[in-house]
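What follows is structure.txt (compact mmCIF, C-alpha atoms and all ligand atoms).
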# COMPACT_ATOMS: atom_id res chain seq x y z
CA MET A 1 82.52 68.60 26.63
CA ARG A 2 79.97 68.29 23.84
CA LEU A 3 76.62 69.78 24.74
CA ASP A 4 74.63 66.95 23.09
CA ARG A 5 76.60 64.38 25.09
CA LEU A 6 76.20 66.34 28.32
CA ILE A 7 72.41 66.65 27.95
CA THR A 8 72.05 63.01 26.84
CA LEU A 9 74.02 61.47 29.70
CA GLY A 10 73.37 64.04 32.41
CA LEU A 11 69.68 64.74 31.90
CA VAL A 12 67.82 62.61 29.36
CA GLN A 13 69.16 59.16 30.26
CA PRO A 14 68.48 59.43 34.02
CA ILE A 15 64.90 60.60 33.31
CA HIS A 16 64.33 57.83 30.72
CA ARG A 17 65.57 55.17 33.10
CA ALA A 18 63.52 56.50 36.01
CA VAL A 19 60.31 56.72 33.98
CA SER A 20 60.31 53.58 31.86
CA GLY A 21 63.54 51.64 32.27
CA PRO A 22 66.00 51.13 29.43
CA ARG A 23 63.68 48.81 27.44
CA ARG A 24 60.93 50.27 25.30
CA ALA A 25 59.12 49.70 22.00
CA GLN A 26 61.70 51.08 19.61
CA LEU A 27 64.20 49.91 17.05
CA PRO A 28 67.58 51.66 16.92
CA ILE A 29 69.08 51.76 13.40
CA LEU A 30 72.73 52.81 13.61
CA MET A 31 74.24 54.79 10.74
CA TYR A 32 77.90 54.12 10.01
CA HIS A 33 79.90 55.23 6.96
CA SER A 34 83.63 54.53 6.97
CA ILE A 35 85.33 52.06 9.32
CA SER A 36 88.81 53.56 9.20
CA ASP A 37 91.32 55.69 11.03
CA GLY A 38 90.35 58.71 8.91
CA ALA A 39 91.24 61.92 10.76
CA GLU A 40 88.31 64.33 11.03
CA ASP A 41 89.63 66.80 13.56
CA ALA A 42 88.30 69.76 11.62
CA VAL A 43 84.73 68.36 11.66
CA SER A 44 82.42 68.70 14.68
CA PRO A 45 81.90 65.31 16.39
CA TYR A 46 78.22 65.13 15.36
CA TYR A 47 79.07 65.29 11.64
CA ARG A 48 82.02 62.91 11.60
CA THR A 49 81.52 59.81 9.48
CA ALA A 50 84.57 57.66 10.25
CA THR A 51 84.66 55.08 13.01
CA ARG A 52 88.06 53.67 13.92
CA PRO A 53 88.18 49.86 13.62
CA ALA A 54 89.11 49.59 17.32
CA VAL A 55 86.07 51.68 18.30
CA PHE A 56 83.81 49.68 15.98
CA ALA A 57 85.09 46.46 17.59
CA GLN A 58 84.28 47.99 20.98
CA HIS A 59 80.73 48.82 19.81
CA MET A 60 80.15 45.27 18.55
CA ALA A 61 81.56 43.74 21.74
CA LEU A 62 79.23 45.96 23.79
CA LEU A 63 76.20 44.86 21.75
CA ARG A 64 77.10 41.25 22.25
CA ALA A 65 77.90 41.60 25.97
CA GLU A 66 74.61 43.40 26.63
CA GLY A 67 72.50 40.85 24.75
CA TYR A 68 71.57 42.85 21.67
CA ARG A 69 70.47 40.88 18.63
CA VAL A 70 71.85 42.40 15.42
CA VAL A 71 69.62 41.92 12.36
CA SER A 72 69.41 43.31 8.83
CA LEU A 73 67.19 46.30 8.07
CA GLN A 74 64.54 44.22 6.33
CA THR A 75 64.43 41.63 9.13
CA GLY A 76 64.41 44.28 11.83
CA LEU A 77 61.59 46.26 10.26
CA ARG A 78 59.50 43.21 9.42
CA GLU A 79 59.73 41.97 13.00
CA PHE A 80 59.24 45.39 14.56
CA ARG A 81 56.14 46.13 12.50
CA SER A 82 54.60 42.72 13.21
CA GLY A 83 55.26 43.24 16.91
CA SER A 84 57.38 40.09 17.12
CA SER A 85 60.72 41.75 17.86
CA ASP A 86 62.35 41.77 21.25
CA ASN A 87 61.68 45.44 21.95
CA GLY A 88 64.72 47.37 22.99
CA LYS A 89 67.17 44.52 22.45
CA THR A 90 67.26 44.35 18.67
CA VAL A 91 69.47 46.67 16.65
CA VAL A 92 70.15 47.28 12.95
CA LEU A 93 73.57 48.37 11.62
CA THR A 94 73.64 50.32 8.35
CA PHE A 95 76.66 51.38 6.27
CA ASP A 96 76.31 54.04 3.57
CA ASP A 97 78.49 54.72 0.50
CA GLY A 98 79.64 51.16 -0.35
CA LEU A 99 83.13 51.79 1.02
CA ARG A 100 85.67 49.03 0.74
CA ASP A 101 86.64 49.37 4.40
CA PHE A 102 83.34 47.71 5.28
CA TYR A 103 84.63 44.61 3.53
CA THR A 104 88.18 44.81 4.88
CA SER A 105 87.59 46.16 8.42
CA ALA A 106 83.95 45.89 9.56
CA PHE A 107 82.98 42.53 8.07
CA PRO A 108 85.71 40.51 9.88
CA ILE A 109 84.61 42.04 13.22
CA LEU A 110 80.93 41.34 12.51
CA ARG A 111 81.74 37.76 11.57
CA GLU A 112 83.73 37.28 14.75
CA HIS A 113 80.67 38.27 16.80
CA GLY A 114 78.10 36.48 14.61
CA GLN A 115 76.53 39.83 13.67
CA THR A 116 75.13 41.15 10.41
CA ALA A 117 74.47 44.50 8.69
CA SER A 118 72.83 46.33 5.79
CA VAL A 119 75.15 47.99 3.26
CA PHE A 120 74.00 50.63 0.77
CA LEU A 121 75.76 50.98 -2.58
CA PRO A 122 75.94 54.06 -4.86
CA THR A 123 76.16 51.84 -7.94
CA ALA A 124 78.11 54.18 -10.27
CA PHE A 125 81.07 53.84 -7.88
CA ILE A 126 80.97 50.04 -7.70
CA GLY A 127 82.87 48.20 -10.41
CA ASP A 128 84.85 45.08 -11.15
CA GLN A 129 87.88 47.05 -9.92
CA PRO A 130 87.68 49.29 -6.81
CA GLY A 131 86.26 52.73 -7.66
CA HIS A 132 86.53 55.82 -5.47
CA PHE A 133 83.91 57.88 -3.69
CA LYS A 134 85.04 61.20 -2.16
CA GLY A 135 88.62 59.95 -2.16
CA GLN A 136 87.85 56.63 -0.48
CA GLU A 137 88.00 53.23 -2.09
CA CYS A 138 84.71 51.45 -2.78
CA MET A 139 84.06 47.72 -2.69
CA THR A 140 83.88 45.73 -5.92
CA TRP A 141 80.95 43.69 -7.22
CA SER A 142 82.68 40.44 -6.32
CA GLU A 143 83.15 41.69 -2.74
CA ALA A 144 79.51 42.79 -2.61
CA ARG A 145 78.49 39.34 -3.84
CA GLU A 146 80.61 37.67 -1.18
CA LEU A 147 79.02 39.85 1.51
CA HIS A 148 75.55 39.10 0.17
CA GLU A 149 76.25 35.37 0.24
CA ALA A 150 77.46 35.71 3.83
CA GLY A 151 74.07 37.19 4.83
CA ILE A 152 74.84 40.92 4.65
CA GLU A 153 71.86 42.79 3.20
CA ILE A 154 72.78 44.89 0.15
CA GLY A 155 70.58 47.91 -0.51
CA SER A 156 70.67 50.93 -2.82
CA HIS A 157 72.15 54.37 -2.16
CA THR A 158 71.22 55.72 -5.63
CA VAL A 159 73.37 55.46 -8.78
CA ASN A 160 75.37 58.73 -8.56
CA HIS A 161 74.91 59.79 -4.93
CA PRO A 162 73.29 63.11 -5.95
CA ARG A 163 71.47 65.58 -3.74
CA LEU A 164 68.04 64.19 -4.60
CA TYR A 165 66.31 67.27 -3.22
CA GLU A 166 67.79 69.31 -6.05
CA LEU A 167 66.57 66.93 -8.78
CA GLY A 168 63.21 66.66 -10.52
CA PHE A 169 61.14 63.59 -9.74
CA ALA A 170 61.85 61.93 -13.10
CA ASP A 171 65.57 61.96 -12.25
CA ILE A 172 64.90 60.86 -8.67
CA ARG A 173 62.87 57.94 -9.98
CA ALA A 174 65.72 56.96 -12.35
CA GLU A 175 68.29 57.07 -9.52
CA LEU A 176 66.14 54.73 -7.42
CA ALA A 177 65.02 52.35 -10.18
CA ASN A 178 68.36 52.02 -12.02
CA SER A 179 70.47 51.38 -8.93
CA LYS A 180 67.97 48.73 -7.77
CA ALA A 181 68.03 47.02 -11.17
CA VAL A 182 71.85 46.94 -11.32
CA ILE A 183 72.24 45.44 -7.84
CA GLU A 184 69.52 42.85 -8.51
CA ASP A 185 71.21 41.91 -11.77
CA ARG A 186 74.65 41.63 -10.18
CA LEU A 187 73.56 39.75 -7.06
CA GLY A 188 70.56 37.83 -8.41
CA SER A 189 68.46 38.81 -5.41
CA ALA A 190 65.68 41.34 -4.68
CA VAL A 191 66.64 44.76 -3.26
CA VAL A 192 64.05 46.19 -0.87
CA SER A 193 66.02 48.76 1.14
CA PHE A 194 67.18 52.25 0.19
CA ALA A 195 69.32 54.80 2.03
CA TYR A 196 68.71 58.49 1.25
CA PRO A 197 72.03 60.28 0.49
CA TYR A 198 72.85 63.56 2.29
CA ALA A 199 70.53 65.32 4.73
CA PHE A 200 66.89 64.28 4.47
CA PRO A 201 64.70 67.40 4.00
CA VAL A 202 62.28 66.58 6.83
CA ALA A 203 60.94 70.12 6.96
CA ASP A 204 59.59 70.00 3.38
CA ARG A 205 56.50 67.89 3.95
CA SER A 206 55.31 67.90 0.35
CA PHE A 207 58.69 66.69 -0.90
CA VAL A 208 58.82 63.98 1.78
CA ARG A 209 55.33 62.76 0.82
CA ALA A 210 56.02 62.74 -2.92
CA PHE A 211 59.41 61.11 -2.40
CA GLY A 212 57.78 58.34 -0.35
CA ASP A 213 55.45 57.67 -3.29
CA VAL A 214 58.45 57.27 -5.63
CA VAL A 215 60.17 54.91 -3.17
CA ALA A 216 57.06 52.72 -3.08
CA GLN A 217 56.48 52.86 -6.84
CA THR A 218 60.05 51.80 -7.61
CA GLY A 219 59.62 48.66 -5.51
CA TYR A 220 61.35 49.42 -2.23
CA ARG A 221 59.85 48.53 1.13
CA TYR A 222 62.15 50.54 3.40
CA CYS A 223 63.99 53.84 3.21
CA VAL A 224 66.43 54.98 5.89
CA THR A 225 67.37 58.66 6.20
CA THR A 226 69.55 61.03 8.23
CA ALA A 227 66.55 62.09 10.36
CA LEU A 228 67.60 61.42 13.94
CA GLY A 229 66.15 58.91 16.38
CA CYS A 230 65.02 55.34 16.97
CA VAL A 231 62.15 53.87 14.95
CA LYS A 232 58.89 53.91 16.92
CA PRO A 233 55.62 52.01 16.35
CA GLY A 234 53.67 53.59 13.49
CA ASP A 235 56.65 55.32 11.88
CA ASP A 236 56.60 55.65 8.08
CA ALA A 237 58.78 52.92 6.48
CA TYR A 238 59.82 55.36 3.74
CA ARG A 239 61.44 57.89 6.06
CA LEU A 240 63.04 55.88 8.81
CA LYS A 241 65.18 57.64 11.37
CA ARG A 242 68.69 56.54 12.26
CA LEU A 243 71.30 57.22 14.90
CA PRO A 244 74.62 58.58 13.54
CA VAL A 245 77.65 56.82 15.01
CA ASN A 246 81.39 57.53 14.70
CA SER A 247 84.70 57.34 16.55
CA SER A 248 83.54 59.79 19.21
CA ASP A 249 80.88 57.38 20.49
CA ASP A 250 82.43 56.08 23.68
CA PRO A 251 80.58 53.21 25.44
CA ALA A 252 78.42 55.55 27.60
CA LEU A 253 77.14 57.63 24.67
CA PHE A 254 76.77 54.55 22.43
CA ARG A 255 74.65 52.84 25.11
CA ALA A 256 72.52 55.96 25.62
CA LYS A 257 71.83 56.13 21.86
CA LEU A 258 70.69 52.49 21.84
CA GLU A 259 68.31 53.24 24.72
CA GLY A 260 66.67 56.10 22.80
CA CYS A 261 68.21 58.79 25.01
CA TYR A 262 69.68 60.67 22.01
CA ASP A 263 66.33 61.04 20.23
CA TRP A 264 65.64 64.40 21.93
CA LEU A 265 68.13 66.04 19.55
CA GLU A 266 65.71 65.56 16.67
CA ILE A 267 63.43 68.28 18.11
CA PRO A 268 65.93 71.19 17.92
CA GLN A 269 67.30 69.74 14.66
CA ARG A 270 63.85 69.71 13.05
CA ALA A 271 63.05 73.21 14.34
CA PHE A 272 66.29 74.52 12.84
CA LYS A 273 65.53 72.87 9.49
CA ARG A 274 62.02 74.39 9.42
CA TRP A 275 63.49 77.80 10.14
CA LYS A 276 66.13 77.32 7.45
CA LEU A 277 63.58 76.16 4.87
CA ARG A 278 61.37 79.13 5.64
CA PHE A 279 63.99 81.86 5.62
CA LEU A 280 66.87 80.59 3.50
CA ASP A 281 65.73 77.85 1.11
CA SER A 282 62.26 78.93 0.03
CA GLY A 283 61.72 78.37 -3.67
CA ARG A 284 64.89 76.31 -3.95
CA ARG A 285 63.15 73.44 -5.72
CA SER A 286 60.80 75.61 -7.75
CA ASN A 287 62.71 74.95 -10.96
CA SER A 288 62.66 71.20 -10.45
CA PHE A 289 58.91 70.75 -10.65
CA SER A 290 58.73 70.44 -14.40
CA ASP A 291 57.82 66.76 -14.52
CA SER A 292 54.47 65.13 -13.89
CA MET A 293 54.94 65.00 -10.11
CA GLY A 294 55.36 68.76 -9.96
CA ALA A 295 51.72 69.70 -10.07
CA SER A 296 50.90 67.85 -6.87
CA LEU A 297 53.66 69.63 -5.01
CA ASN A 298 52.58 73.20 -5.52
ZN ZN B 301 76.07 58.61 1.27

Would you mind writing the structure in this file as structure tokens?
Ligand SMILES: [Zn+2]
Amino acid sequence: MRLDRLITLGLVQPIHRAVSGPRRAQLPILMYHSISDGAEDAVSPYYRTATRPAVFAQHMALLRAEGYRVVSLQTGLREFRSGSSDNGKTVVLTFDDGLRDFYTSAFPILREHGQTASVFLPTAFIGDQPGHFKGQECMTWSEARELHEAGIEIGSHTVNHPRLYELGFADIRAELANSKAVIEDRLGSAVVSFAYPYAFPVADRSFVRAFGDVVAQTGYRYCVTTALGCVKPGDDAYRLKRLPVNSSDDPALFRAKLEGCYDWLEIPQRAFKRWKLRFLDSGRRSNSFSDSMGASLN
């Protein structure tokens, strides 16, 4: 059995429920990628990114049966920050990479349950004909427009899906600004949400601070990341945590994640990243500080 699952269900969830009950002031933002039967046997369950359509349907049915309200990222954050959300019973679904299987497999299930989502597009891979990202088909602009008109929030996931941490801030700014402009032009509607591609470098505080400034300056209001956990009152809107979900989330683990009982994993994860930054990655970005933002990072 997976250790993270064992600790979550055997230790953390019983303590959470005994101390405060399942409802608390938090907003779970679920992170999905592909809704497909993609085999990922060689990948550890934590890092898998495919959710089988049957499992996704099971997740959505569970949300509905247990009274969860599914809202877009911008609605969820606006309500949560104003204190008007139904704490513990609102959830946000996010889908990275602009994959076409969102349109063909996830969207019909969401529509059946009257649920919505936020989808993040890497715009260089979105065309008038289906492009490909890491071997998987991406949605087209006309499909993105149809989703947008059906109430699905469309956000940015950069232009080229680069490792932003390895770029200078001028290039980072271009990735954020250009993708936003293209989506707004294609859909005729403002884009306020951004999803950070690849692992978010939480341990590098100066990068995180400077990156947040770029997110704000390029006109976004929200940025979701791979940092793990539910959103809590007072959290920074430019480095929002999410809960990774895939085919290995059976109903018990899925429910525990929604209740905030998986958030504990962020502590060892963050400690490991700090250790890695200190001993393995030091100086990694030193050559990227050539633009005007660089001086403030040293
Ligand atoms: Zn991505």

Using all atoms listed in the file, what table do you get, as JSON lines, when you list each residue of chain A with an atom no more than 7 Å from ligand ZN 301 (chain B), its nearest pair of atoms, and their distance in Å rounded to one decimal, rows by chain then rising number?
{"residue": "A:Asp96", "atom": "CA", "partner": "B:ZN301", "partner_atom": "ZN", "distance": 5.1}
{"residue": "A:Asp97", "atom": "CA", "partner": "B:ZN301", "partner_atom": "ZN", "distance": 4.6}
{"residue": "A:His157", "atom": "CA", "partner": "B:ZN301", "partner_atom": "ZN", "distance": 6.7}
{"residue": "A:His161", "atom": "CA", "partner": "B:ZN301", "partner_atom": "ZN", "distance": 6.4}
{"residue": "A:Pro197", "atom": "CA", "partner": "B:ZN301", "partner_atom": "ZN", "distance": 4.4}
{"residue": "A:Tyr198", "atom": "CA", "partner": "B:ZN301", "partner_atom": "ZN", "distance": 6.0}

Export, as a compact mmCIF listing (two decimals), in the frame of the given file, the selected residues with C-alpha atoms.
# COMPACT_ATOMS: atom_id res chain seq x y z
CA ASP A 96 76.31 54.04 3.57
CA ASP A 97 78.49 54.72 0.50
CA HIS A 157 72.15 54.37 -2.16
CA HIS A 161 74.91 59.79 -4.93
CA PRO A 197 72.03 60.28 0.49
CA TYR A 198 72.85 63.56 2.29

**Study point:** Exercise: Arg239 (chain A) partners within 10 Å, all atoms listed in the file, chain neighbours under 4 positions left out, as a VMD selection string
**Key:** chain A and resid 194 to 196 200 202 208 to 209 211 to 212 215 222 to 227 231 235

Point to revise | Neighbour list for region 141-145 of chain A as a PyMOL selection string, cut-off 6 Å, all atoms listed in the file, skip fewer than 5 positions in-chain | key: chain A and resi 127-128+187

Please dump the current selection as a PDB file, in the coordinates of the input; keep C-alpha atoms.
ATOM      1  CA  GLY A 127      82.870  48.200 -10.410  1.00  0.00           C
ATOM      2  CA  ASP A 128      84.850  45.080 -11.150  1.00  0.00           C
ATOM      3  CA  LEU A 187      73.560  39.750  -7.060  1.00  0.00           C
TER       4      LEU A 187
END

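The interatomic distance for the pair CA of Lys257 (chain A) and CA of Leu243 (chain A) works out to 7.1 Å.
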
Practice item. With a distance cut-off of 10 Å and all atoms listed in the file, select the neighbouring residues of Arg255 (chain A), excluding the residue or stretch itself and same-chain residues fewer than 2 positions from it, and output the selection as a PyMOL selection string. Key: chain A and resi 9+13+22+59+62-63+66+249-253+257-262

Exercise for review: For region 173-184 of chain A, work out the shell of residues within 8 Å, counting all atoms listed in the file and skipping chain neighbours fewer than 4 positions away, then give it as an NGL selection string.
Suggested key: :A and (122-123 or 155-160 or 169 or 188-191 or 214-215 or 218)
